[in-house]
$ cat upload-v1.cif   # mmCIF, C-alpha atoms
data_start
#
loop_
_atom_site.group_PDB
_atom_site.id
_atom_site.type_symbol
_atom_site.label_atom_id
_atom_site.label_comp_id
_atom_site.auth_asym_id
_atom_site.auth_seq_id
_atom_site.Cartn_x
_atom_site.Cartn_y
_atom_site.Cartn_z
ATOM 1 C CA MET A 1 82.578 99.968 95.254
ATOM 2 C CA LEU A 2 80.392 99.082 92.317
ATOM 3 C CA PRO A 3 77.466 96.642 92.729
ATOM 4 C CA GLN A 4 78.973 93.746 90.792
ATOM 5 C CA SER A 5 82.059 93.726 93.022
ATOM 6 C CA HIS A 6 79.988 93.692 96.211
ATOM 7 C CA ILE A 7 78.158 90.663 94.847
ATOM 8 C CA ALA A 8 81.268 88.910 93.508
ATOM 9 C CA TYR A 9 83.248 89.273 96.751
ATOM 10 C CA THR A 10 80.291 88.083 98.835
ATOM 11 C CA LEU A 11 79.455 85.054 96.705
ATOM 12 C CA ALA A 12 83.122 84.090 96.371
ATOM 13 C CA ALA A 13 83.616 84.333 100.153
ATOM 14 C CA TYR A 14 80.514 82.196 100.701
ATOM 15 C CA GLN A 15 81.674 79.562 98.215
ATOM 16 C CA TRP A 16 85.175 79.568 99.714
ATOM 17 C CA ALA A 17 83.653 78.942 103.164
ATOM 18 C CA ARG A 18 81.452 76.123 101.788
ATOM 19 C CA ASP A 19 84.513 74.487 100.237
ATOM 20 C CA ARG A 20 86.346 74.475 103.572
ATOM 21 C CA TRP A 21 83.670 73.862 106.197
ATOM 22 C CA PRO A 22 80.959 71.267 105.584
ATOM 23 C CA GLY A 23 78.591 72.873 108.122
ATOM 24 C CA VAL A 24 78.060 76.030 106.058
ATOM 25 C CA PRO A 25 74.355 76.040 105.085
ATOM 26 C CA ASP A 26 73.185 75.805 101.482
ATOM 27 C CA LEU A 27 71.898 79.308 100.731
ATOM 28 C CA ASP A 28 69.971 80.807 97.859
ATOM 29 C CA LEU A 29 72.680 82.732 96.004
ATOM 30 C CA ARG A 30 70.123 85.131 94.530
ATOM 31 C CA TRP A 31 69.094 86.292 98.021
ATOM 32 C CA LEU A 32 72.721 86.386 99.119
ATOM 33 C CA ALA A 33 73.514 88.695 96.181
ATOM 34 C CA LEU A 34 70.607 90.965 97.153
ATOM 35 C CA ALA A 35 71.790 91.016 100.764
ATOM 36 C CA ALA A 36 75.286 91.972 99.597
ATOM 37 C CA MET A 37 73.732 95.032 97.956
ATOM 38 C CA GLY A 38 71.303 95.692 100.821
ATOM 39 C CA PRO A 39 72.671 98.986 102.161
ATOM 40 C CA ASP A 40 72.739 100.515 98.668
ATOM 41 C CA LEU A 41 69.285 99.133 97.847
ATOM 42 C CA ILE A 42 67.963 101.013 100.882
ATOM 43 C CA ASP A 43 70.039 104.200 100.849
ATOM 44 C CA LYS A 44 70.279 105.048 97.139
ATOM 45 C CA PRO A 45 66.488 105.233 96.599
ATOM 46 C CA LEU A 46 66.091 107.241 99.832
ATOM 47 C CA ALA A 47 68.759 109.637 98.636
ATOM 48 C CA ALA A 48 67.209 109.941 95.183
ATOM 49 C CA LEU A 49 63.739 110.597 96.597
ATOM 50 C CA TYR A 50 64.552 113.048 99.380
ATOM 51 C CA PHE A 51 67.730 112.959 101.411
ATOM 52 C CA TYR A 52 70.263 113.814 98.701
ATOM 53 C CA ARG A 53 69.031 117.415 98.605
ATOM 54 C CA ARG A 54 69.568 117.663 102.364
ATOM 55 C CA PHE A 55 72.836 115.802 102.897
ATOM 56 C CA LYS A 56 74.506 115.625 99.450
ATOM 57 C CA SER A 57 75.186 111.973 100.179
ATOM 58 C CA ALA A 58 73.771 108.677 98.930
ATOM 59 C CA VAL A 59 75.293 106.839 101.895
ATOM 60 C CA LEU A 60 72.695 107.094 104.646
ATOM 61 C CA PHE A 61 70.992 105.056 107.391
ATOM 62 C CA ALA A 62 71.746 101.530 106.152
ATOM 63 C CA HIS A 63 75.476 102.338 106.044
ATOM 64 C CA THR A 64 75.622 103.154 109.767
ATOM 65 C CA LEU A 65 77.030 101.003 112.534
ATOM 66 C CA LEU A 66 73.778 101.436 114.475
ATOM 67 C CA PHE A 67 71.749 99.947 111.614
ATOM 68 C CA GLN A 68 74.209 97.055 111.204
ATOM 69 C CA ILE A 69 74.161 96.169 114.897
ATOM 70 C CA GLY A 70 70.361 96.349 114.939
ATOM 71 C CA LEU A 71 70.172 94.067 111.924
ATOM 72 C CA LEU A 72 72.513 91.513 113.499
ATOM 73 C CA PHE A 73 70.499 91.477 116.736
ATOM 74 C CA TRP A 74 67.301 91.008 114.743
ATOM 75 C CA ALA A 75 68.809 88.213 112.597
ATOM 76 C CA ARG A 76 70.331 86.460 115.609
ATOM 77 C CA GLU A 77 66.830 85.402 116.651
ATOM 78 C CA ARG A 78 66.091 84.146 113.137
ATOM 79 C CA LYS A 79 68.959 81.725 112.609
ATOM 80 C CA ARG A 80 68.250 80.998 108.954
ATOM 81 C CA LEU A 81 68.493 84.720 108.115
ATOM 82 C CA LEU A 82 71.819 85.281 109.869
ATOM 83 C CA PRO A 83 74.008 84.440 106.829
ATOM 84 C CA TYR A 84 72.089 86.997 104.764
ATOM 85 C CA ALA A 85 72.525 89.592 107.516
ATOM 86 C CA LEU A 86 76.256 88.863 107.486
ATOM 87 C CA ALA A 87 76.304 89.504 103.723
ATOM 88 C CA PHE A 88 74.506 92.799 104.407
ATOM 89 C CA VAL A 89 77.176 93.736 106.976
ATOM 90 C CA GLY A 90 79.894 92.644 104.556
ATOM 91 C CA HIS A 91 78.805 95.503 102.311
ATOM 92 C CA ILE A 92 79.899 97.976 104.985
ATOM 93 C CA LEU A 93 83.283 96.265 105.283
ATOM 94 C CA LEU A 94 83.822 96.436 101.531
ATOM 95 C CA ASP A 95 82.831 100.120 101.527
ATOM 96 C CA ARG A 96 85.321 100.706 104.372
ATOM 97 C CA MET A 97 82.788 102.919 106.118
ATOM 98 C CA TRP A 98 84.949 103.466 109.215
ATOM 99 C CA PHE A 99 86.917 105.959 107.086
ATOM 100 C CA PHE A 100 83.762 108.132 107.083
ATOM 101 C CA PRO A 101 82.972 108.425 110.810
ATOM 102 C CA GLU A 102 80.310 111.120 110.395
ATOM 103 C CA THR A 103 78.153 108.560 108.614
ATOM 104 C CA PHE A 104 79.394 105.288 110.093
ATOM 105 C CA TYR A 105 78.888 106.400 113.716
ATOM 106 C CA TRP A 106 75.666 108.322 113.023
ATOM 107 C CA PRO A 107 73.964 109.714 115.133
ATOM 108 C CA PHE A 108 76.767 109.678 117.720
ATOM 109 C CA LYS A 109 78.967 111.983 115.587
ATOM 110 C CA GLY A 110 76.110 114.310 114.646
ATOM 111 C CA TRP A 111 72.907 114.175 112.663
ATOM 112 C CA ARG A 112 74.370 114.745 109.198
ATOM 113 C CA PHE A 113 75.445 112.049 106.787
ATOM 114 C CA THR A 114 78.686 113.065 105.204
ATOM 115 C CA VAL A 115 81.259 111.353 103.111
ATOM 116 C CA TRP A 116 83.634 114.269 102.871
ATOM 117 C CA ARG A 117 86.968 113.424 101.322
ATOM 118 C CA LYS A 118 85.278 110.630 99.399
ATOM 119 C CA ARG A 119 85.900 111.786 95.839
ATOM 120 C CA GLY A 120 83.093 110.849 93.529
ATOM 121 C CA SER A 121 80.407 111.307 96.174
ATOM 122 C CA GLU A 122 80.026 115.021 95.549
ATOM 123 C CA GLN A 123 78.153 114.786 92.227
ATOM 124 C CA LYS A 124 75.115 116.928 91.622
ATOM 125 C CA ASP A 125 73.165 114.130 89.932
ATOM 126 C CA ILE A 126 72.461 111.091 92.133
ATOM 127 C CA GLY A 127 71.668 109.106 88.982
ATOM 128 C CA LYS A 128 75.338 109.246 88.052
ATOM 129 C CA ALA A 129 76.650 108.187 91.469
ATOM 130 C CA TYR A 130 78.376 105.012 90.309
ATOM 131 C CA TRP A 131 79.760 106.653 87.171
ATOM 132 C CA TYR A 132 81.331 109.486 89.160
ATOM 133 C CA ALA A 133 82.637 107.145 91.827
ATOM 134 C CA PHE A 134 84.374 104.910 89.313
ATOM 135 C CA THR A 135 85.785 107.665 87.110
ATOM 136 C CA ARG A 136 86.944 109.949 89.939
ATOM 137 C CA ARG A 137 88.195 107.474 92.525
ATOM 138 C CA ARG A 138 91.170 105.600 91.114
ATOM 139 C CA GLU A 139 91.664 103.669 94.361
ATOM 140 C CA LEU A 140 88.462 101.805 93.447
ATOM 141 C CA TRP A 141 90.053 100.335 90.348
ATOM 142 C CA GLY A 142 92.091 97.821 92.354
ATOM 143 C CA TRP A 143 89.016 96.787 94.319
ATOM 144 C CA GLU A 144 87.031 96.434 91.101
ATOM 145 C CA LEU A 145 89.781 94.335 89.517
ATOM 146 C CA GLY A 146 89.659 92.122 92.620
ATOM 147 C CA GLY A 147 85.886 91.864 92.212
ATOM 148 C CA ALA A 148 86.297 90.816 88.577
ATOM 149 C CA LEU A 149 88.823 88.154 89.605
ATOM 150 C CA ALA A 150 86.486 86.929 92.367
ATOM 151 C CA ALA A 151 83.654 86.675 89.812
ATOM 152 C CA LEU A 152 85.912 84.793 87.382
ATOM 153 C CA TRP A 153 86.973 82.370 90.131
ATOM 154 C CA LEU A 154 83.316 81.798 91.039
ATOM 155 C CA ILE A 155 82.313 81.188 87.423
ATOM 156 C CA ILE A 156 85.082 78.621 87.023
ATOM 157 C CA ARG A 157 84.565 77.034 90.457
ATOM 158 C CA LEU A 158 80.817 76.588 89.949
ATOM 159 C CA ARG A 159 81.142 75.897 86.208
ATOM 160 C CA LEU A 160 78.723 78.683 85.400
ATOM 161 C CA TYR A 161 80.148 78.843 81.884
ATOM 162 C CA ARG A 162 77.915 75.833 81.202
ATOM 163 C CA PRO A 163 74.469 77.141 80.212
ATOM 164 C CA GLU A 164 72.587 74.449 82.174
ATOM 165 C CA ARG A 165 74.446 75.334 85.377
ATOM 166 C CA LEU A 166 73.908 79.057 84.924
ATOM 167 C CA LEU A 167 70.200 78.521 84.214
ATOM 168 C CA ARG A 168 69.890 76.319 87.299
ATOM 169 C CA LEU A 169 71.477 79.042 89.399
ATOM 170 C CA LEU A 170 69.157 81.688 87.983
ATOM 171 C CA ARG A 171 66.053 79.496 88.413
ATOM 172 C CA THR A 172 66.741 77.989 91.833
ATOM 173 C CA GLY A 173 69.437 80.097 93.463
ATOM 174 C CA ARG A 174 71.552 76.962 93.792
ATOM 175 C CA SER A 175 74.546 76.083 91.662
ATOM 176 C CA GLY A 176 74.669 72.378 92.327
ATOM 177 C CA PRO A 177 77.900 70.476 92.768
ATOM 178 C CA ALA A 178 80.895 72.148 91.162
ATOM 179 C CA TYR A 179 82.793 68.954 90.446
ATOM 180 C CA PRO A 180 81.670 65.486 89.346
ATOM 181 C CA GLY A 181 80.894 63.251 92.289
ATOM 182 C CA GLN A 182 79.757 66.105 94.522
#
$ encode --input "upload-v1.cif" --output "structure tokens"
Amino acid sequence: MLPQSHIAYTLAAYQWARDRWPGVPDLDLRWLALAAMGPDLIDKPLAALYFYRRFKSAVLFAHTLLFQIGLLFWARERKRLLPYALAFVGHILLDRMWFFPETFYWPFKGWRFTVWRKRGSEQKDIGKAYWYAFTRRRELWGWELGGALAALWLIIRLRLYRPERLLRLLRTGRSGPAYPGQ
């Protein structure tokens, strides 16, 4: 999945939860967006710097179940960070990592990170990872369309088409009330 869809699905899910349950905390959407991209922000640079030559994969440590469980245990003790950890874990759900057990269950399935059968992950140039994934994996197109629709819903719901609301979000991480009277 491409970065913008990870972010759009995560922020839309958060806003949907806030609309339904008043107890959902007010989070900084900028940090939530970063958390939604967390596994890629860790693994892609590691792959580019060293591990891609060894494993031919840009999906490494941060995409493993072991890392996710460790993160949740760590965040459990820091209550205010738990929602961001959940956004981090949501990345793995959106990537559907359980379809790639050699990586998802690492190191219990071996010491190699592999995403065999994942077309678009076999490129020779890590710098083109997203380009190859999108152009060679047609099943992603539906997910990306869903991400675009989630982003559109969020823009309308939070009235981010208004420059002052978008600037407030970018400056503070908060969108403010979506409707008059809120």
$ closest_residue --input "upload-v1.cif" --among "A:Pro107, A:Pro39, A:Pro45, A:Gly70" --to "Leu94 (chain A)" --atoms "only C-alpha atoms"
A:Pro39
$ closest_residue --input "upload-v1.cif" --among "A:Ala148, A:Ile7, A:Leu60, A:Ala48" --to "Ala87 (chain A)" --atoms "only C-alpha atoms"
A:Ile7
$ resolve_selection --input "upload-v1.cif" --expression "the PyMOL selection byres ((chain A and resi 14) around 10)" --output "number ranges by chain"
A: 8-13, 15-19, 24-27, 29, 32, 83, 87
$ closest_residue --input "upload-v1.cif" --among "A:Leu81, A:Met37, A:Leu72, A:Ala133" --to "Ser5 (chain A)" --atoms "all atoms listed in the file"
A:Met37
$ closest_residue --input "upload-v1.cif" --among "A:Leu49, A:Ile156, A:Leu86, A:Val59" --to "Leu34 (chain A)" --atoms "all atoms listed in the file"
A:Leu86
$ resolve_selection --input "upload-v1.cif" --expression "the PyMOL selection byres ((chain A and resi 1) around 9)" --output "count of residues only"
14
$ decode --input "upload-v1.cif" --residues "region 34-94 of chain A" --atoms "C-alpha atoms" --output "mmCIF file, in the first residue's frame"
data_model
loop_
_atom_site.group_PDB
_atom_site.id
_atom_site.type_symbol
_atom_site.label_atom_id
_atom_site.label_comp_id
_atom_site.auth_asym_id
_atom_site.auth_seq_id
_atom_site.Cartn_x
_atom_site.Cartn_y
_atom_site.Cartn_z
ATOM 1 C CA LEU A 34 3.670 9.507 11.141
ATOM 2 C CA ALA A 35 2.708 6.532 13.300
ATOM 3 C CA ALA A 36 0.602 5.150 10.445
ATOM 4 C CA MET A 37 3.760 5.147 8.325
ATOM 5 C CA GLY A 38 6.010 3.957 11.164
ATOM 6 C CA PRO A 39 6.978 0.497 9.894
ATOM 7 C CA ASP A 40 7.950 1.891 6.481
ATOM 8 C CA LEU A 41 9.796 4.829 8.053
ATOM 9 C CA ILE A 42 11.943 2.301 9.922
ATOM 10 C CA ASP A 43 12.318 -0.504 7.381
ATOM 11 C CA LYS A 44 12.734 1.358 4.080
ATOM 12 C CA PRO A 45 15.817 3.338 5.206
ATOM 13 C CA LEU A 46 17.319 0.181 6.761
ATOM 14 C CA ALA A 47 16.760 -1.654 3.503
ATOM 15 C CA ALA A 48 18.227 1.175 1.438
ATOM 16 C CA LEU A 49 21.317 1.428 3.643
ATOM 17 C CA TYR A 50 22.160 -2.242 4.117
ATOM 18 C CA PHE A 51 19.585 -4.993 4.316
ATOM 19 C CA TYR A 52 18.198 -4.848 0.774
ATOM 20 C CA ARG A 53 21.413 -6.346 -0.609
ATOM 21 C CA ARG A 54 21.075 -9.241 1.837
ATOM 22 C CA PHE A 55 17.351 -9.989 1.784
ATOM 23 C CA LYS A 56 16.007 -8.350 -1.409
ATOM 24 C CA SER A 57 13.177 -6.992 0.707
ATOM 25 C CA ALA A 58 12.244 -3.569 2.066
ATOM 26 C CA VAL A 59 9.849 -5.155 4.562
ATOM 27 C CA LEU A 60 11.981 -5.952 7.596
ATOM 28 C CA PHE A 61 11.981 -5.802 11.412
ATOM 29 C CA ALA A 62 9.211 -3.241 11.966
ATOM 30 C CA HIS A 63 6.809 -5.347 9.876
ATOM 31 C CA THR A 64 7.132 -8.376 12.172
ATOM 32 C CA LEU A 65 4.635 -9.592 14.731
ATOM 33 C CA LEU A 66 7.403 -9.657 17.349
ATOM 34 C CA PHE A 67 8.111 -5.947 16.846
ATOM 35 C CA GLN A 68 4.392 -5.090 16.963
ATOM 36 C CA ILE A 69 3.802 -7.006 20.189
ATOM 37 C CA GLY A 70 6.878 -5.407 21.756
ATOM 38 C CA LEU A 71 5.658 -1.965 20.755
ATOM 39 C CA LEU A 72 2.203 -2.576 22.231
ATOM 40 C CA PHE A 73 3.688 -3.792 25.525
ATOM 41 C CA TRP A 74 5.929 -0.729 25.649
ATOM 42 C CA ALA A 75 3.046 1.662 24.830
ATOM 43 C CA ARG A 76 0.703 -0.005 27.319
ATOM 44 C CA GLU A 77 2.752 1.522 30.135
ATOM 45 C CA ARG A 78 2.612 4.941 28.474
ATOM 46 C CA LYS A 79 -1.128 5.413 28.088
ATOM 47 C CA ARG A 80 -0.958 8.600 26.038
ATOM 48 C CA LEU A 81 1.196 6.852 23.408
ATOM 49 C CA LEU A 82 -1.082 3.836 23.004
ATOM 50 C CA PRO A 83 -3.255 5.359 20.230
ATOM 51 C CA TYR A 84 -0.118 6.102 18.207
ATOM 52 C CA ALA A 85 1.110 2.538 18.746
ATOM 53 C CA LEU A 86 -2.255 1.287 17.498
ATOM 54 C CA ALA A 87 -1.817 3.393 14.345
ATOM 55 C CA PHE A 88 1.632 1.814 13.942
ATOM 56 C CA VAL A 89 0.085 -1.668 14.235
ATOM 57 C CA GLY A 90 -2.670 -0.652 11.825
ATOM 58 C CA HIS A 91 0.011 -0.347 9.158
ATOM 59 C CA ILE A 92 0.652 -4.086 9.419
ATOM 60 C CA LEU A 93 -3.064 -4.819 9.065
ATOM 61 C CA LEU A 94 -3.303 -2.666 5.951
#
